[in-house]
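Source file data_4.pdb; content: PDB, C-alpha atoms.
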ATOM      1  CA  MET A   1      56.790  68.383  27.958
ATOM      2  CA  VAL A   2      58.295  65.605  25.904
ATOM      3  CA  ARG A   3      56.252  63.060  27.880
ATOM      4  CA  LYS A   4      53.032  64.945  27.140
ATOM      5  CA  LEU A   5      53.840  65.149  23.437
ATOM      6  CA  GLY A   6      54.585  61.424  23.387
ATOM      7  CA  CYS A   7      51.263  60.578  25.044
ATOM      8  CA  MET A   8      49.384  62.823  22.654
ATOM      9  CA  LEU A   9      51.118  61.164  19.710
ATOM     10  CA  ILE A  10      50.163  57.693  20.961
ATOM     11  CA  VAL A  11      46.535  58.765  21.463
ATOM     12  CA  VAL A  12      46.393  60.169  17.935
ATOM     13  CA  MET A  13      47.853  56.975  16.471
ATOM     14  CA  VAL A  14      45.421  54.750  18.375
ATOM     15  CA  ALA A  15      42.481  56.927  17.358
ATOM     16  CA  CYS A  16      43.477  56.929  13.719
ATOM     17  CA  ALA A  17      44.367  53.243  13.407
ATOM     18  CA  PRO A  18      40.795  51.807  13.737
ATOM     19  CA  ARG A  19      39.471  54.150  11.069
ATOM     20  CA  GLN A  20      41.888  52.729   8.524
ATOM     21  CA  ARG A  21      41.061  49.104   9.498
ATOM     22  CA  ARG A  22      37.285  49.501   9.610
ATOM     23  CA  SER A  23      36.929  51.145   6.249
ATOM     24  CA  PRO A  24      37.446  47.945   4.200
ATOM     25  CA  GLN A  25      35.384  45.797   6.644
ATOM     26  CA  THR A  26      32.497  48.224   6.637
ATOM     27  CA  ALA A  27      32.428  48.263   2.852
ATOM     28  CA  ALA A  28      32.644  44.464   2.548
ATOM     29  CA  ALA A  29      30.043  43.667   5.224
ATOM     30  CA  PRO A  30      26.911  44.242   3.098
ATOM     31  CA  GLN A  31      28.264  42.044   0.285
ATOM     32  CA  ALA A  32      28.068  38.766   2.204
ATOM     33  CA  PRO A  33      24.305  38.812   2.897
ATOM     34  CA  GLU A  34      23.587  39.955  -0.647
ATOM     35  CA  SER A  35      25.437  36.973  -2.142
ATOM     36  CA  VAL A  36      23.766  34.546   0.306
ATOM     37  CA  SER A  37      20.361  36.016  -0.418
ATOM     38  CA  ASP A  38      20.913  35.680  -4.156
ATOM     39  CA  GLU A  39      21.975  32.057  -3.800
ATOM     40  CA  SER A  40      19.097  31.137  -1.508
ATOM     41  CA  SER A  41      16.588  32.814  -3.809
ATOM     42  CA  ASP A  42      18.069  31.037  -6.825
ATOM     43  CA  THR A  43      17.970  27.713  -4.963
ATOM     44  CA  SER A  44      14.397  28.191  -3.808
ATOM     45  CA  SER A  45      13.246  29.157  -7.281
ATOM     46  CA  HIS A  46      15.078  26.194  -8.757
ATOM     47  CA  THR A  47      13.534  23.841  -6.174
ATOM     48  CA  THR A  48      10.057  25.190  -6.824
ATOM     49  CA  ALA A  49      10.471  24.660 -10.553
ATOM     50  CA  THR A  50      11.394  20.988 -10.132
ATOM     51  CA  ALA A  51       9.189  20.131  -7.123
ATOM     52  CA  ALA A  52       5.960  19.516  -9.066
ATOM     53  CA  PRO A  53       5.912  15.855 -10.248
ATOM     54  CA  PRO A  54       4.239  14.805 -13.487
ATOM     55  CA  PRO A  55       0.676  13.464 -13.217
ATOM     56  CA  VAL A  56       0.508   9.796 -12.243
ATOM     57  CA  THR A  57      -1.911   7.482 -14.004
ATOM     58  CA  GLN A  58      -3.459   4.715 -11.915
ATOM     59  CA  PRO A  59      -2.320   1.365 -13.359
ATOM     60  CA  PRO A  60      -5.031  -1.069 -14.435
ATOM     61  CA  ALA A  61      -5.947  -3.985 -12.218
ATOM     62  CA  GLN A  62      -3.614  -6.923 -12.696
ATOM     63  CA  GLY A  63      -4.854 -10.307 -13.740
ATOM     64  CA  PRO A  64      -4.345 -13.547 -11.823
ATOM     65  CA  THR A  65      -0.900 -14.994 -11.189
ATOM     66  CA  VAL A  66      -0.563 -18.362 -12.962
ATOM     67  CA  GLU A  67       2.426 -20.552 -12.071
ATOM     68  CA  TYR A  68       3.282 -24.035 -13.279
ATOM     69  CA  ASP A  69       5.264 -26.383 -11.023
ATOM     70  CA  GLU A  70       7.020 -28.931 -13.244
ATOM     71  CA  PHE A  71       8.103 -31.036 -10.255
ATOM     72  CA  ARG A  72       4.507 -31.591  -9.155
ATOM     73  CA  ASN A  73       3.019 -31.171 -12.627
ATOM     74  CA  HIS A  74       0.500 -28.700 -11.220
ATOM     75  CA  THR A  75      -0.644 -25.198 -12.164
ATOM     76  CA  SER A  76      -1.578 -22.717  -9.417
ATOM     77  CA  VAL A  77      -3.727 -19.617  -9.879
ATOM     78  CA  LYS A  78      -3.839 -16.725  -7.415
ATOM     79  CA  GLN A  79      -5.846 -13.490  -7.523
ATOM     80  CA  GLU A  80      -6.131 -10.745  -4.891
ATOM     81  CA  LEU A  81      -9.482  -8.957  -4.652
ATOM     82  CA  GLU A  82      -9.701  -5.368  -3.479
ATOM     83  CA  ILE A  83     -12.161  -5.067  -0.593
ATOM     84  CA  PHE A  84     -13.293  -2.248   1.693
ATOM     85  CA  VAL A  85     -14.276  -2.857   5.316
ATOM     86  CA  THR A  86     -17.681  -1.274   6.008
ATOM     87  CA  LYS A  87     -18.272  -2.470   9.580
ATOM     88  CA  LYS A  88     -15.747  -3.641  12.173
ATOM     89  CA  GLY A  89     -18.284  -4.511  14.856
ATOM     90  CA  PHE A  90     -16.678  -4.531  18.291
ATOM     91  CA  THR A  91     -13.309  -5.608  16.927
ATOM     92  CA  GLY A  92     -10.069  -3.671  16.653
ATOM     93  CA  LEU A  93      -9.461  -4.792  13.073
ATOM     94  CA  GLU A  94      -6.804  -2.749  11.251
ATOM     95  CA  THR A  95      -6.273  -4.479   7.880
ATOM     96  CA  LEU A  96      -8.134  -7.148   5.909
ATOM     97  CA  ALA A  97      -7.199  -8.663   2.541
ATOM     98  CA  LEU A  98      -8.877 -11.298   0.359
ATOM     99  CA  VAL A  99      -7.053 -13.637  -2.039
ATOM    100  CA  LEU A 100      -8.487 -16.384  -4.269
ATOM    101  CA  PHE A 101      -6.476 -19.593  -4.783
ATOM    102  CA  SER A 102      -7.103 -22.507  -7.129
ATOM    103  CA  GLY A 103      -5.444 -24.536  -9.883
ATOM    104  CA  TRP A 104      -5.497 -27.685 -11.955
ATOM    105  CA  PRO A 105      -3.290 -30.724 -12.554
ATOM    106  CA  GLY A 106      -0.839 -30.476 -15.438
ATOM    107  CA  ARG A 107       0.111 -27.476 -17.552
ATOM    108  CA  GLU A 108      -2.961 -27.258 -19.795
ATOM    109  CA  HIS A 109      -6.416 -26.852 -18.283
ATOM    110  CA  PHE A 110      -8.906 -29.238 -19.880
ATOM    111  CA  ASP A 111     -10.690 -30.821 -16.913
ATOM    112  CA  VAL A 112     -12.961 -29.618 -14.121
ATOM    113  CA  PRO A 113     -11.007 -27.123 -11.995
ATOM    114  CA  GLU A 114     -10.102 -27.706  -8.413
ATOM    115  CA  PRO A 115     -12.077 -26.038  -5.605
ATOM    116  CA  VAL A 116     -11.485 -22.347  -5.002
ATOM    117  CA  MET A 117     -10.126 -21.197  -1.655
ATOM    118  CA  LEU A 118     -11.080 -17.761  -0.356
ATOM    119  CA  ALA A 119      -8.291 -16.726   2.028
ATOM    120  CA  PHE A 120      -8.662 -13.714   4.321
ATOM    121  CA  PHE A 121      -5.570 -12.173   5.924
ATOM    122  CA  SER A 122      -5.944  -9.703   8.793
ATOM    123  CA  SER A 123      -3.867  -7.672  11.233
ATOM    124  CA  SER A 124      -5.109  -6.176  14.520
ATOM    125  CA  PRO A 125      -4.018  -5.496  18.110
ATOM    126  CA  ASP A 126      -5.965  -8.530  19.357
ATOM    127  CA  TRP A 127      -7.776 -11.615  18.083
ATOM    128  CA  VAL A 128     -10.725 -10.832  15.777
ATOM    129  CA  PHE A 129     -11.776 -14.117  14.127
ATOM    130  CA  LEU A 130     -10.724 -16.627  16.775
ATOM    131  CA  ARG A 131     -14.239 -17.461  17.962
ATOM    132  CA  SER A 132     -16.376 -16.156  15.105
ATOM    133  CA  ASN A 133     -15.268 -16.759  11.519
ATOM    134  CA  ASP A 134     -18.294 -17.868   9.488
ATOM    135  CA  LEU A 135     -18.402 -16.434   5.956
ATOM    136  CA  ASP A 136     -21.481 -15.053   4.182
ATOM    137  CA  LEU A 137     -21.512 -13.486   0.716
ATOM    138  CA  LEU A 138     -24.413 -11.551  -0.791
ATOM    139  CA  ALA A 139     -24.675 -10.354  -4.398
ATOM    140  CA  GLY A 140     -28.131  -9.235  -5.469
ATOM    141  CA  GLU A 141     -30.367 -12.252  -4.962
ATOM    142  CA  GLU A 142     -27.430 -14.644  -4.844
ATOM    143  CA  ARG A 143     -26.181 -15.828  -1.451
ATOM    144  CA  LEU A 144     -23.300 -18.008  -0.374
ATOM    145  CA  SER A 145     -22.676 -19.180   3.181
ATOM    146  CA  VAL A 146     -19.703 -21.174   4.438
ATOM    147  CA  ARG A 147     -19.854 -22.492   7.986
ATOM    148  CA  GLU A 148     -16.814 -24.770   7.831
ATOM    149  CA  THR A 149     -13.946 -22.303   7.679
ATOM    150  CA  ARG A 150     -10.357 -22.812   8.751
ATOM    151  CA  HIS A 151      -8.692 -20.375  11.151
ATOM    152  CA  ASP A 152      -5.022 -19.820  11.929
ATOM    153  CA  GLY A 153      -3.091 -16.992  13.547
ATOM    154  CA  ASN A 154       0.072 -15.783  15.257
ATOM    155  CA  VAL A 155       0.777 -13.382  18.096
ATOM    156  CA  ARG A 156       3.565 -10.996  17.175
ATOM    157  CA  ARG A 157       5.100  -7.952  18.853
ATOM    158  CA  GLY A 158       2.194  -5.629  19.466
ATOM    159  CA  PHE A 159      -0.270  -7.161  16.983
ATOM    160  CA  VAL A 160      -1.972 -10.388  15.872
ATOM    161  CA  THR A 161      -2.100 -11.789  12.334
ATOM    162  CA  GLU A 162      -4.925 -14.150  11.340
ATOM    163  CA  ASN A 163      -5.820 -16.262   8.338
ATOM    164  CA  VAL A 164      -9.360 -17.487   7.676
ATOM    165  CA  SER A 165      -9.979 -19.662   4.626
ATOM    166  CA  ALA A 166     -13.146 -21.064   3.068
ATOM    167  CA  VAL A 167     -13.395 -23.575   0.220
ATOM    168  CA  VAL A 168     -16.069 -23.191  -2.483
ATOM    169  CA  THR A 169     -16.511 -24.306  -6.084
ATOM    170  CA  LEU A 170     -15.859 -22.332  -9.258
ATOM    171  CA  SER A 171     -19.593 -22.400  -9.990
ATOM    172  CA  ASP A 172     -20.176 -20.678  -6.630
ATOM    173  CA  ILE A 173     -17.755 -17.913  -7.615
ATOM    174  CA  GLN A 174     -19.376 -17.536 -11.045
ATOM    175  CA  ARG A 175     -22.848 -17.382  -9.483
ATOM    176  CA  ILE A 176     -21.822 -14.664  -7.021
ATOM    177  CA  ILE A 177     -20.134 -12.658  -9.777
ATOM    178  CA  ARG A 178     -23.313 -12.680 -11.863
ATOM    179  CA  GLY A 179     -25.144 -11.093  -8.935
ATOM    180  CA  GLY A 180     -23.181  -7.854  -9.391
ATOM    181  CA  LYS A 181     -22.222  -5.878  -6.294
ATOM    182  CA  ILE A 182     -20.693  -8.267  -3.753
ATOM    183  CA  ARG A 183     -20.995  -7.730  -0.011
ATOM    184  CA  GLY A 184     -19.635 -10.047   2.623
ATOM    185  CA  ARG A 185     -19.490 -10.764   6.327
ATOM    186  CA  LEU A 186     -16.669 -12.628   8.040
ATOM    187  CA  GLY A 187     -17.461 -13.170  11.697
ATOM    188  CA  GLN A 188     -18.559  -9.720  12.900
ATOM    189  CA  VAL A 189     -16.715  -7.821  10.162
ATOM    190  CA  GLU A 190     -18.600  -6.673   7.060
ATOM    191  CA  PHE A 191     -16.881  -5.744   3.808
ATOM    192  CA  LEU A 192     -17.561  -4.731   0.236
ATOM    193  CA  VAL A 193     -15.787  -5.942  -2.883
ATOM    194  CA  THR A 194     -14.833  -2.831  -4.862
ATOM    195  CA  PRO A 195     -15.569  -2.535  -8.607
ATOM    196  CA  ALA A 196     -11.879  -3.237  -9.284
ATOM    197  CA  GLY A 197     -12.128  -6.319  -7.064
ATOM    198  CA  LEU A 198     -15.206  -7.504  -8.961
ATOM    199  CA  ASP A 199     -13.376  -7.121 -12.272
ATOM    200  CA  ALA A 200     -10.465  -9.114 -10.814
ATOM    201  CA  ALA A 201     -12.875 -11.858  -9.742
ATOM    202  CA  LYS A 202     -14.265 -12.035 -13.274
ATOM    203  CA  THR A 203     -10.746 -12.310 -14.686
ATOM    204  CA  PHE A 204      -9.981 -15.083 -12.206
ATOM    205  CA  ALA A 205     -13.132 -17.015 -13.143
ATOM    206  CA  ALA A 206     -12.299 -16.679 -16.849
ATOM    207  CA  ALA A 207      -8.790 -18.009 -16.254
ATOM    208  CA  MET A 208     -10.194 -20.977 -14.317
ATOM    209  CA  ALA A 209     -12.717 -21.979 -16.989
ATOM    210  CA  PRO A 210     -11.726 -25.321 -18.585
ATOM    211  CA  ARG A 211     -10.517 -25.229 -22.192
ATOM    212  CA  GLU A 212     -11.723 -27.546 -24.909
ATOM    213  CA  HIS A 213      -9.584 -30.530 -25.808
ATOM    214  CA  PRO A 214      -7.743 -30.106 -29.086
ATOM    215  CA  PRO A 215      -9.260 -32.144 -31.965
TER     216      PRO A 215
END
Could I get this file's structure written as structure tokens?
Amino acid sequence: MVRKLGCMLIVVMVACAPRQRRSPQTAAAPQAPESVSDESSDTSSHTTATAAPPPVTQPPAQGPTVEYDEFRNHTSVKQELEIFVTKKGFTGLETLALVLFSGWPGREHFDVPEPVMLAFFSSSPDWVFLRSNDLDLLAGEERLSVRETRHDGNVRRGFVTENVSAVVTLSDIQRIIRGGKIRGRLGQVEFLVTPAGLDAAKTFAAAMAPREHPP
């Protein structure tokens, strides 16, 4: 009889013990997700409020870079022209850039300027201008053709970089600019000088114009 009462007492204690332990856990359980939900909602709302950036204004086209070398007593002028490739032909051309180079002896520019070099820089999976690199420019009724160009290039890991340069006079550049819209063909690749590129070419030509000697 005593054994039975002892077993019944143990069963009652075991049955009652979990009820006392679960009561605080059951009450606290819903609080954790509520606090996390509040924090996540606050964070998301805060992120959304700060995610929208202010409107960005496109900067104006930069003028030519003019640098004077006092060791050589020479001034160099460089201007990149924005171009857009309109026809790649059968090439795998990826990028093409055009930069104008020129200069004059001394710091002040009073004499006839030096020739202008049109330098094209390209990147592609394979050679593009190795065998064909003649340059033709067309602006309205004005035309300019250069058959004696200089080609150079390097094979790198997975791509080829090339440089094709043509030498013209400042009067050639001024004549092409007066024609308005400039189109070009380098080898098999055709391109268009954008309006921003045309404005940059005009700025370059103005910087290269000789100044009058002081009285």
Please return the centre and edge lengths, in Å to one decimal, of a box with edges along x, y and z that contains all listed atoms of region 200-203 of chain A, widened by 6 Å on every side, as lines of an AutoDock Vina configuration file.
center_x = -12.4
center_y = -10.7
center_z = -12.2
size_x = 15.8
size_y = 15.2
size_z = 16.9
Residues picked by the PyMOL selection byres ((chain A and resi 68-72) around 10) here, as a PDB file with C-alpha atoms, in the coordinates of the input?
ATOM      1  CA  VAL A  66      -0.563 -18.362 -12.962  1.00  0.00           C
ATOM      2  CA  GLU A  67       2.426 -20.552 -12.071  1.00  0.00           C
ATOM      3  CA  ASN A  73       3.019 -31.171 -12.627  1.00  0.00           C
ATOM      4  CA  HIS A  74       0.500 -28.700 -11.220  1.00  0.00           C
ATOM      5  CA  THR A  75      -0.644 -25.198 -12.164  1.00  0.00           C
ATOM      6  CA  SER A  76      -1.578 -22.717  -9.417  1.00  0.00           C
ATOM      7  CA  VAL A  77      -3.727 -19.617  -9.879  1.00  0.00           C
ATOM      8  CA  GLY A 103      -5.444 -24.536  -9.883  1.00  0.00           C
ATOM      9  CA  TRP A 104      -5.497 -27.685 -11.955  1.00  0.00           C
ATOM     10  CA  PRO A 105      -3.290 -30.724 -12.554  1.00  0.00           C
ATOM     11  CA  GLY A 106      -0.839 -30.476 -15.438  1.00  0.00           C
ATOM     12  CA  ARG A 107       0.111 -27.476 -17.552  1.00  0.00           C
ATOM     13  CA  GLU A 108      -2.961 -27.258 -19.795  1.00  0.00           C
TER      14      GLU A 108
END
Quick one: which residues end up in the PyMOL selection byres ((chain A and resi 118-129) around 10) for this structure, as number ranges by chain?
A: 79-81, 88-102, 115-117, 130-135, 149-168, 173, 186-189
Atomic separation - CA of Thr65 (chain A) relative to CA of Asp199 (chain A), Å
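Between CA of Asp199 (chain A) and CA of Thr65 (chain A) the gap is 14.8 Å.
Of the listed residues (A:Thr169, A:Ala139, A:Leu144, A:Glu82), A:Thr169 comes nearest to Met208 (chain A); the distances count all atoms listed in the file.
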For the structure shown, which residues end up in the PyMOL selection byres ((chain A and resi 206) around 12)? Put them as a ChimeraX atom specification, please?
/A:63-64,77,79,109,113,170-171,173-174,177,199-205,207-211
d(CA of Phe191 (chain A), CA of Thr86 (chain A)) in Å
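Spanning CA of Phe191 (chain A) to CA of Thr86 (chain A) is a straight-line distance of 5.0 Å.
One finds CA of Glu212 (chain A) at 11.1 Å from CA of Val112 (chain A).
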So that I can check the surroundings of Val193 (chain A), please list as a count of residues only every protein, DNA and RNA residue that reaches within 8 Å of it, counting only C-alpha atoms and ignoring chain neighbours fewer than 5 positions away.
9
Distance criterion (all atoms listed in the file): nearest to Glu190 (chain A) out of A:Val85, A:Val146, A:Ile176, A:Leu138:
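Result for the nearest residue to Glu190 (chain A): A:Val85.
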